[in-house]
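Presented below is the structure to which this report refers.
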Amino acid sequence: MRWARTATNNLAAVSSEFEIATAVTPLDDQILPADPSAGLGIAYRFAARIHPGWDIGGNANGGYLMAIVARAMAAVTGRPPLTVTGHYLSPGPAGDCVVEVTLVRSGRRMATATGSLKMGDREILRMLGTFADQDHSGVLYRDGAPPELPEYAQCVNAPGPMDTELPGLVARLDSRLRPGDDGFRTGTPTGAAEIIGWFDFADRGPIDAFGLLLAADAFPPPIFNTDVPAAWVPTLELTVHLRAIPAPGPLRCVFRSKFIQGGLLDEDAEIWDADGQMVCQARQLALIPKG
């Protein structure tokens with residue numbers, strides 16, 4: 001027996017570090033029906049691996065984990081992600097893991113599924129998402145524009161808060177910050193919970209819908225430019241809306257926090273492609289780092 005749709009998970013067909021590091025392989029010799037609606041309520045299982053080097057201090061980046069689960073969910077639904085929400089239940093160290101996907105609904109255009117990433121008996125991430133091909137009918141209304149940024153080469157590298165011990169994720173990316181927004185590194189934060197910059201992979205791999213999930217959580221938290229201690233910021237919940245597939249090239253990203261209270265912070269993101277198209281929106285709730 002074999003699966004009907006495995007092309008997106010074929011290691012022989014991938015080329016970038018990110019694609020390899022987020023690949024999933026079906027388990028249990030289950031048959032994925034050509035008509036996704038025939039698989040309603042069935043739990044499909046995939047083998048995956050949390051690769052080292054996509055982490056912050058040994059814990060895998062939240063957007064990276066989301067991309068692994070979303071690949072398995074896309075295989076089951078037969079469509080790319082449109083909107084996904086993830087709740088982070090425990091840290092994700094490097095190692096083998098299993099993704100379990102259950103199809104909740106499958107319509108003519110959209111399908112909804114749940115996904116769970118586990119390492120042994122410990123659940124790392126639980127996701128709910130709607131999957132559908134992008135609508136290319138164009139922009140009917142827009143209140144906003146890409147951020148003004150110096151050219152990519154004129155912006156500054158975007159490492160983590162401690163220059164002495166950079167997060168593993170930094171080596172996988174070639175992201176750049178707007179000059180001044182890196183003040184948290186030199187002890188001169190701007191005082192505004194905002195960070196703007198460019199996102200790209202270090203190996204210049206393509207940024208598709210799954211890459212956007214990583215981009216939505218890959219910058220230093222904007223609260224680093226306030227008087228909040230610069231340390232690991234554990235995400236509790238992350239929601240990402242995929243609005244379009246990016247044109248080739250680095251992405252313009254805006255990250256802002258508005259409310260830091262009760263031990264929690266919010267973070268809003270807008271991501272724009274090289275053609276000036278808004279391709280992704282995201283919001284997350286996270287714990288305030290402890291100094």
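So you can find residues: chains in the structure tokens are A, B, ... in the order shown, residues in each start at 1, and ligands are numbered from 1 in order.
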
Original post:
Near stretch 101-105 of chain A, counting only C-alpha atoms, which residues have an atom at most 7 Å away, once you skip same-chain residues fewer than 2 positions from it, shown as a PyMOL selection string?
Top reply: chain A and resi 37+39-45+72-73+99+107+111-116

Subject >> Near-A:Ala153 list (12 Å; only C-alpha atoms; drop same-chain fewer than 2 positions) as a PyMOL selection string >> reply: chain A and resi 149-151+155-157+174-179+197-198+250

Subject >> Spatial neighbours of A:Ile288, 12 Å, only C-alpha atoms, chain gap at least 6 places, as a ChimeraX atom specification >> reply: /A:221-224,226-236,257,259-267

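Near A:Asn61, within a cut-off of 8 Å and counting only C-alpha atoms, sit the residues Trp54, Asp55, Ile56, Tyr64, Leu65, Leu169, Leu214, Asp217 and Ala218 of chain A, with same-chain residues fewer than 3 positions away left out.
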
Need to verify the contact set: A:Met110, 7 Å, only C-alpha atoms, exclusion of same-chain residues closer than 3 positions in sequence. Can you return it as an mmCIF file with C-alpha atoms, in the first residue's frame?
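Below you can see selection11.cif, which holds the result:
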data_model
loop_
_atom_site.group_PDB
_atom_site.id
_atom_site.type_symbol
_atom_site.label_atom_id
_atom_site.label_comp_id
_atom_site.auth_asym_id
_atom_site.auth_seq_id
_atom_site.Cartn_x
_atom_site.Cartn_y
_atom_site.Cartn_z
ATOM 1 C CA SER A 106 -12.842 19.094 3.467
ATOM 2 C CA GLY A 107 -14.801 21.368 1.116
ATOM 3 C CA THR A 130 -7.415 25.865 7.319
ATOM 4 C CA PHE A 131 -5.690 24.918 4.073
ATOM 5 C CA ALA A 132 -6.528 26.268 0.603
#

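Across the structure, atom CA of A:Ile195 and atom CA of A:Val170 are spaced 16.1 Å apart.
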
**OP:** Could you check how far atom CA of A:Ser90 sits from atom CA of A:Ala215, in Å to one decimal?
**Re:**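 If I compute the distance from atom CA of A:Ser90 to atom CA of A:Ala215, I get 21.0 Å.
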
**OP:** Compare A:Glu270, A:Leu173, A:Leu238, A:Ala216 by their minimum atom-to-atom distance to A:Ser16, counting only C-alpha atoms, and give me the closest one.
**Re:**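 Smallest separation from A:Ser16 among the options: A:Leu173.
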
Original post:
Got a sec to tell me which of stretch 56-261 of chain A DSSP assigns to alpha helix (DSSP H), as a ChimeraX atom specification?
Top reply: /A:62-77,168-172,183-186,209-215

With N, CA and C atoms retained, export the selected residues as a short mmCIF file (atom, residue, chain, number, x, y, z; two decimals), in the first residue's frame.
data_model
loop_
_atom_site.label_atom_id
_atom_site.label_comp_id
_atom_site.auth_asym_id
_atom_site.auth_seq_id
_atom_site.Cartn_x
_atom_site.Cartn_y
_atom_site.Cartn_z
N GLY A 62 9.67 28.50 17.32
CA GLY A 62 8.26 28.17 17.19
C GLY A 62 7.77 28.13 15.77
N GLY A 63 8.22 29.06 14.92
CA GLY A 63 7.80 29.05 13.52
C GLY A 63 8.35 27.85 12.78
N TYR A 64 9.55 27.43 13.14
CA TYR A 64 10.14 26.22 12.54
C TYR A 64 9.31 24.99 12.88
N LEU A 65 8.94 24.84 14.17
CA LEU A 65 8.10 23.70 14.55
C LEU A 65 6.76 23.74 13.83
N MET A 66 6.20 24.93 13.70
CA MET A 66 4.92 25.07 13.01
C MET A 66 5.03 24.62 11.56
N ALA A 67 6.15 24.91 10.91
CA ALA A 67 6.34 24.51 9.52
C ALA A 67 6.37 22.99 9.37
N ILE A 68 6.98 22.28 10.32
CA ILE A 68 7.01 20.81 10.27
C ILE A 68 5.59 20.25 10.30
N VAL A 69 4.80 20.71 11.27
CA VAL A 69 3.44 20.20 11.40
C VAL A 69 2.59 20.61 10.20
N ALA A 70 2.77 21.83 9.71
CA ALA A 70 1.99 22.30 8.56
C ALA A 70 2.28 21.48 7.31
N ARG A 71 3.51 21.00 7.14
CA ARG A 71 3.81 20.16 5.97
C ARG A 71 3.00 18.87 6.02
N ALA A 72 2.89 18.27 7.21
CA ALA A 72 2.10 17.05 7.34
C ALA A 72 0.62 17.35 7.12
N MET A 73 0.13 18.46 7.64
CA MET A 73 -1.27 18.83 7.46
C MET A 73 -1.57 19.11 5.98
N ALA A 74 -0.62 19.72 5.28
CA ALA A 74 -0.80 20.00 3.85
C ALA A 74 -0.86 18.69 3.05
N ALA A 75 -0.07 17.70 3.47
CA ALA A 75 -0.09 16.41 2.78
C ALA A 75 -1.46 15.74 2.92
N VAL A 76 -2.07 15.86 4.10
CA VAL A 76 -3.37 15.23 4.34
C VAL A 76 -4.49 15.99 3.62
N THR A 77 -4.45 17.31 3.66
CA THR A 77 -5.51 18.11 3.04
C THR A 77 -5.34 18.26 1.54
N GLY A 168 21.29 29.14 17.52
CA GLY A 168 21.59 28.35 16.33
C GLY A 168 20.84 28.82 15.12
N LEU A 169 19.64 29.36 15.31
CA LEU A 169 18.82 29.82 14.20
C LEU A 169 19.52 30.88 13.36
N VAL A 170 20.35 31.71 14.01
CA VAL A 170 21.00 32.82 13.31
C VAL A 170 21.83 32.34 12.13
N ALA A 171 22.51 31.19 12.28
CA ALA A 171 23.38 30.69 11.22
C ALA A 171 22.57 30.24 10.00
N ARG A 172 21.29 29.93 10.18
CA ARG A 172 20.45 29.44 9.08
C ARG A 172 19.83 30.58 8.28
N GLY A 183 19.77 48.32 18.60
CA GLY A 183 20.32 48.99 19.77
C GLY A 183 20.36 48.12 21.01
N PHE A 184 19.48 47.11 21.07
CA PHE A 184 19.50 46.22 22.24
C PHE A 184 20.81 45.46 22.35
N ARG A 185 21.55 45.33 21.25
CA ARG A 185 22.82 44.62 21.28
C ARG A 185 23.93 45.46 21.89
N THR A 186 23.81 46.79 21.80
CA THR A 186 24.87 47.69 22.24
C THR A 186 24.51 48.46 23.50
N ALA A 209 5.07 29.13 1.36
CA ALA A 209 4.12 29.28 2.48
C ALA A 209 4.72 28.77 3.77
N PHE A 210 5.47 27.68 3.73
CA PHE A 210 6.06 27.12 4.94
C PHE A 210 7.19 28.01 5.45
N GLY A 211 7.95 28.60 4.54
CA GLY A 211 8.98 29.55 4.93
C GLY A 211 8.41 30.78 5.62
N LEU A 212 7.20 31.19 5.20
CA LEU A 212 6.56 32.33 5.85
C LEU A 212 6.23 32.02 7.31
N LEU A 213 5.90 30.77 7.60
CA LEU A 213 5.62 30.40 8.99
C LEU A 213 6.85 30.62 9.86
N LEU A 214 8.03 30.32 9.33
CA LEU A 214 9.26 30.58 10.06
C LEU A 214 9.52 32.08 10.16
N ALA A 215 9.36 32.81 9.05
CA ALA A 215 9.62 34.24 9.04
C ALA A 215 8.77 34.97 10.07
#

Subject >> 6 Å contact set for A:Phe255, only C-alpha atoms, chain neighbours under 6 positions out, as a PyMOL selection string >> reply: chain A and resi 194-195+268-269

Output C-alpha atoms for every residue in the selection just made, as an mmCIF file, in the first residue's frame.
data_model
loop_
_atom_site.group_PDB
_atom_site.id
_atom_site.type_symbol
_atom_site.label_atom_id
_atom_site.label_comp_id
_atom_site.auth_asym_id
_atom_site.auth_seq_id
_atom_site.Cartn_x
_atom_site.Cartn_y
_atom_site.Cartn_z
ATOM 1 C CA GLU A 194 9.375 47.717 17.233
ATOM 2 C CA ILE A 195 11.861 45.939 14.990
ATOM 3 C CA ASP A 268 2.135 41.580 15.709
ATOM 4 C CA ALA A 269 3.883 40.981 12.394
#

**OP:** With a distance cut-off of 6 Å and only C-alpha atoms, select the neighbouring residues of A:Ile124, excluding the residue or stretch itself and same-chain residues fewer than 4 positions from it, and output the selection as a list of chain:residue names.
**Re:**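 Counting only C-alpha atoms, the residues come to A:Leu89, A:Ser90, A:Leu117, A:Lys118.
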
**OP:** From the DSSP assignment of the backbone, select every residue of stretch 68-142 of chain A that is strand (DSSP E), and format the answer as an NGL selection string.
**Re:** :A and (81-88 or 95-106 or 111-119 or 122-131)

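Nearest to A:Thr85 of all the residues A:Met278, A:Ala158, A:Leu242, A:Val98 is A:Leu242, counting only C-alpha atoms.
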